[in-house]
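Q: Would you mind keeping the following structure in view while I ask a few things?
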Amino acid sequence: MSLDLDKRQRAMLREMGVRVWQPLPTPVEEALAQVQTEHAINNIAAGARPERAESRFNAETPVALPVRVNAAPALQAAPLARPQGVDLMDWPTLQAAVATCRACVLCESRTRTVFGVGPEVAGAAPAPVDWLIVGEAPGESEDLAGEPFVGQAGKLLDNMLLAMGLQRSQGDTPPQAGLSRSIFITNVLKCRPPANRNPDPAEVAQCAPYLKRQVELLQPKMILALGKFAAQSLLQGSVPDVQKIPLGKLRGQVFRYLGVPVVVSYHPAYLLRSLGDKAKAWDDLCLALESFKHADQVLST
């Protein structure tokens, strides 16, 4: 029950910091207040003397309460079909197709597409590379830079590559003695998912032909798949129910994608959160190095 206080008493309590509970007005009371206000405004606008609205209000007459209408959601532009003939594109055409791709909703929120980084390509086809590193999807830093694996995860990957005797080709960075730059780095997705969410299967399916054509043109001797979505994308055609297999159980094995050996390991971003698994990642890199040496020997004979 509320206290029957006059204005002076309420003001005194308010100065003392005491909050006085008041019941919320009923819908009818709210409607009455609205009618009073509108009537007073109309009378003032007409230059008439305001009358008491209570005398004009019939409490028995139903009052139509305002109805809130939810705004219709903004319509997004419908995705366009992926360019035809991806499997026949040369390198420059493939780059252009990725840069202008609008085959899924990720095109609406991306800043830049992330095709990948590696040795410069002078003609229609790149020179074959020894290594292909495949990540999952661009993050915020990659979306802004247009390059894969930048930021802290990129620094960790660079250190992993250095331990393997590899160095990414990046801008004007000079090559280091004793390190190979025959390496290309890319992602399964070429656009960043909003808020770095997990890739959607439909988005992976739209980007899969681009990655496949990159492999065909680059002709790598070894593929290192970093993260579960990279592993799933590359192995879904050869490993049954690979989406249901934890990444840890895919480690320690050599798979094949388009005839190229594939070794699976943890994504550098995951390793930054799980330092205890860095030793496992090193084991994966050693396995990849052994497989690469074997593949190189086979190709040399």
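Chains: A, B, ... in order of the structure tokens. Residues: from 1 per chain. Ligands: from 1, in order shown.
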At a cut-off of 12 Å, using only C-alpha atoms, what residues contact A:Ser182? Leave out same-chain residues fewer than 5 positions from it and give the result as a PyMOL selection string.
A: chain A and resi 117-120+126-133+161+165-169+175+218-222
Q: Using only C-alpha atoms, which protein or nucleic acid residues come within 9 Å of stretch 138-145 of chain A? Drop anything in the same chain fewer than 4 positions from it, and give the result as an MDAnalysis selection string.
A: chainID A and resid 110:114 149:151 187:196
Q: Go through stretch 78-274 of chain A and collect every residue that DSSP, computed from the backbone, puts in alpha helix (DSSP H); the answer should be as number ranges by chain.
A: A: 91-99, 140-145, 151-163, 201-218, 228-235, 247-250, 268-273
Q: Pick out the closest residue to A:Cys104 from this set: A:Ala177, A:Leu88, A:Ala205, A:Ile185. Count only C-alpha atoms.
A: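 Nearest to A:Cys104: A:Ala205.
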Q: Just the strand (DSSP E or B) stuff from stretch 76-249 of chain A, please, per backbone DSSP, written as a list in words.
A: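 Across stretch 76-249 of chain A, those assigned strand (DSSP E or B) are Val117, Trp131, Leu132, Ile133, Val134, Gly135, Leu166, Ser180, Ile183, Phe184, Ile185, Thr186, Asn187, Met222, Ile223, Leu224, Ala225 and Leu226 of chain A.
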Q: Can you measure atom CA of A:Val98 to atom CA of A:Pro83 for me? One decimal in Å is fine.
A: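 Separation between atom CA of A:Val98 and atom CA of A:Pro83: 9.1 Å.
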Q: Excluding A:Gln84 and residues on its chain fewer than 5 positions from it, collect all residues at most 12 Å away from it, counting only C-alpha atoms, and give them as a list of chain:residue names.
A: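 So, after excluding close chain neighbours, the residues are A:Met89, A:Thr93, A:Leu94, A:Ala97, A:Cys101, A:Ala103, A:Gln206, A:Pro209, A:Tyr210.
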Q: Generate the output file for the selected residues, N, CA, C and O atoms, as a PDB file, in the first residue's frame.
A:
ATOM      1  N   MET A  89      40.551 -21.178 -64.161  1.00  0.00           N
ATOM      2  CA  MET A  89      41.135 -19.833 -64.053  1.00  0.00           C
ATOM      3  C   MET A  89      42.642 -19.886 -63.886  1.00  0.00           C
ATOM      4  O   MET A  89      43.189 -20.785 -63.238  1.00  0.00           O
ATOM      5  N   THR A  93      43.324 -14.215 -62.794  1.00  0.00           N
ATOM      6  CA  THR A  93      41.861 -14.274 -62.868  1.00  0.00           C
ATOM      7  C   THR A  93      41.275 -14.795 -61.563  1.00  0.00           C
ATOM      8  O   THR A  93      40.223 -14.316 -61.105  1.00  0.00           O
ATOM      9  N   LEU A  94      41.953 -15.759 -60.967  1.00  0.00           N
ATOM     10  CA  LEU A  94      41.490 -16.292 -59.681  1.00  0.00           C
ATOM     11  C   LEU A  94      41.555 -15.223 -58.600  1.00  0.00           C
ATOM     12  O   LEU A  94      40.629 -15.090 -57.787  1.00  0.00           O
ATOM     13  N   ALA A  97      38.674 -12.884 -59.116  1.00  0.00           N
ATOM     14  CA  ALA A  97      37.400 -13.504 -58.766  1.00  0.00           C
ATOM     15  C   ALA A  97      37.175 -13.485 -57.260  1.00  0.00           C
ATOM     16  O   ALA A  97      36.064 -13.223 -56.778  1.00  0.00           O
ATOM     17  N   CYS A 101      34.226 -11.424 -55.199  1.00  0.00           N
ATOM     18  CA  CYS A 101      33.243 -12.468 -54.927  1.00  0.00           C
ATOM     19  C   CYS A 101      32.123 -11.957 -54.019  1.00  0.00           C
ATOM     20  O   CYS A 101      32.377 -11.282 -53.014  1.00  0.00           O
ATOM     21  N   ALA A 103      29.437 -14.368 -53.314  1.00  0.00           N
ATOM     22  CA  ALA A 103      28.682 -15.616 -53.333  1.00  0.00           C
ATOM     23  C   ALA A 103      28.059 -15.966 -51.988  1.00  0.00           C
ATOM     24  O   ALA A 103      27.261 -16.903 -51.910  1.00  0.00           O
ATOM     25  N   GLN A 206      31.256 -22.362 -50.431  1.00  0.00           N
ATOM     26  CA  GLN A 206      31.416 -21.360 -51.483  1.00  0.00           C
ATOM     27  C   GLN A 206      32.883 -21.059 -51.754  1.00  0.00           C
ATOM     28  O   GLN A 206      33.275 -20.775 -52.898  1.00  0.00           O
ATOM     29  N   PRO A 209      36.046 -24.088 -53.873  1.00  0.00           N
ATOM     30  CA  PRO A 209      36.644 -24.114 -55.221  1.00  0.00           C
ATOM     31  C   PRO A 209      37.843 -23.183 -55.374  1.00  0.00           C
ATOM     32  O   PRO A 209      38.762 -23.485 -56.141  1.00  0.00           O
ATOM     33  N   TYR A 210      37.839 -22.056 -54.661  1.00  0.00           N
ATOM     34  CA  TYR A 210      38.985 -21.148 -54.727  1.00  0.00           C
ATOM     35  C   TYR A 210      40.236 -21.816 -54.149  1.00  0.00           C
ATOM     36  O   TYR A 210      41.317 -21.743 -54.739  1.00  0.00           O
TER      37      TYR A 210
END
Q: Would you mind telling me which residue in A:Arg102, A:Arg197, A:Lys212, A:Lys228 lies nearest to A:Leu250 when using only C-alpha atoms?
A: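 Distance minimum relative to A:Leu250 lands on A:Lys228.
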Q: Could you tell me which of A:Met164, A:Val86, A:Ala99, A:Ala288 comes closest to A:Ser180 if we count only C-alpha atoms?
A: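 For A:Ser180, the nearest of the given residues is A:Met164.
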Q: What is the distance, in Å and to one decimal place, between atom CA of A:Leu287 and atom CA of A:Phe184?
A: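 These two atoms are separated by 19.0 Å.
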Q: Find the residues around A:Lys280 up to 12 Å (only C-alpha atoms counted), leave out those fewer than 5 positions away in its own chain, and share them as a list of chain:residue names.
A: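 Those residues are A:Leu247, A:Gly248, A:Arg251, A:Gly252, A:Val264, A:Ser265, A:Tyr266, A:His267, A:Leu271, A:Ser274, A:Leu275, A:Leu285, A:Cys286, A:Leu287.
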Q: Please dump the current selection as an mmCIF file, in the first residue's frame; keep C-alpha atoms.
A:
data_model
loop_
_atom_site.group_PDB
_atom_site.id
_atom_site.type_symbol
_atom_site.label_atom_id
_atom_site.label_comp_id
_atom_site.auth_asym_id
_atom_site.auth_seq_id
_atom_site.Cartn_x
_atom_site.Cartn_y
_atom_site.Cartn_z
ATOM 1 C CA LEU A 247 41.186 -32.197 -34.164
ATOM 2 C CA GLY A 248 43.351 -34.040 -31.663
ATOM 3 C CA ARG A 251 46.952 -35.261 -35.548
ATOM 4 C CA GLY A 252 49.886 -37.603 -35.990
ATOM 5 C CA VAL A 264 46.974 -31.380 -39.366
ATOM 6 C CA SER A 265 47.927 -29.224 -36.383
ATOM 7 C CA TYR A 266 46.560 -26.581 -34.036
ATOM 8 C CA HIS A 267 45.838 -23.036 -35.174
ATOM 9 C CA LEU A 271 48.102 -22.112 -29.153
ATOM 10 C CA SER A 274 46.626 -23.136 -24.746
ATOM 11 C CA LEU A 275 50.357 -22.884 -24.186
ATOM 12 C CA LEU A 285 55.719 -29.769 -37.515
ATOM 13 C CA CYS A 286 58.355 -32.478 -37.190
ATOM 14 C CA LEU A 287 55.970 -34.973 -38.817
#
Q: Select, from A:Leu211, A:Val263, A:Ala269, A:Ala202, the residue with the minimum atom-to-atom distance to A:Phe115, counting only C-alpha atoms.
A: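 Ranked by minimum distance to A:Phe115, first place goes to A:Leu211.
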Q: Suppose you want the space between atom CA of A:Val215 and atom CA of A:Asn198; what is it in Å?
A: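 Here the two named atoms are 23.2 Å from each other.
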